[in-house]
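Asks: Got a structure for you, questions after.
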Amino acid sequence: MVIISKAILRGFSQKHPDAETALLKWYEDAKAANWRDFTEVKKTFNTVDAAGNDRYVFDIKGNHYRLIALIVFKVRTVFILFVGTHKEYDKVNADKVTFKK
């Protein structure tokens with residue numbers, strides 16, 4: 001899959017260094033994947049949840065953090081929309097989060 005944008009993960013890792021290894025693992029696994037639908041995402045990340053509106057919520061580092069991604073299966077592209085703590089995640093509406101450059 002094509003991942004947009006790794007810079008979001010780097011930025012979050014600077015603020016939360018304990019998340020860096022788990023985020024890099026997520027990135028590498030997602031990049032190596034060739035998902036055609038949610039079922040295939042679930043095979044790679046068994047704790048992923050569909051949030052609606054093509055958005056998916058991933059547990060990061062044993063559920064210490066959350067990552068929301070927009071996945072466009074037809075063009076094999078994953079847009080990282082949000083990475084945050086549970087407290088930050090509780091303040092967003094996962095199915096409405098948009099990509100910010």
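Ordered as shown in the structure tokens, chains take letters A, B, and onward, while each chain numbers its residues from 1 and ligands are numbered from 1 in the order shown.
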Excluding Asp59 in chain A and its own-chain neighbours fewer than 3 positions away, which residues fall within 9 Å of it when counting only C-alpha atoms? Please give them as a list in words.

Replies: Phe45, Thr47, Val48, Asp49, Gly62, Asn63, His64, Tyr65, Arg66 and Leu67 of chain A

Asks: I need the residues in range 19-101 of chain A that are helix (DSSP H, G or I) according to DSSP; give them as a list in words.

Replies: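 Everything in range 19-101 of chain A that counts as helix (DSSP H, G or I) is Ala19, Glu20, Thr21, Ala22, Leu23, Leu24, Lys25, Trp26, Tyr27, Glu28, Asp29, Ala30, Lys31, Ala32, Phe38, Thr39, Glu40, Val41, Lys42, Lys43, Thr44, Phe73, Lys74, Val75, His86, Lys87, Glu88 and Tyr89 of chain A.
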
Asks: DSSP says strand (DSSP E or B) for which residues of range 5-98 of chain A? Put them as a PyMOL selection string?

Replies: chain A and resi 49-52+55-60+65-72+77-85

Asks: Between A:Ala19, A:Ser13, A:His86, A:Leu81, which residue has the minimum interatomic distance to Asp54 in chain A, considering only C-alpha atoms?

Replies: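 Closest candidate: A:Leu81.
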
Asks: A:Asn34, A:Asn93, A:Thr77, A:Thr85: which is nearest Ser5 in chain A, counting only C-alpha atoms?

Replies: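 Closest residue, counting only C-alpha atoms: A:Thr77.
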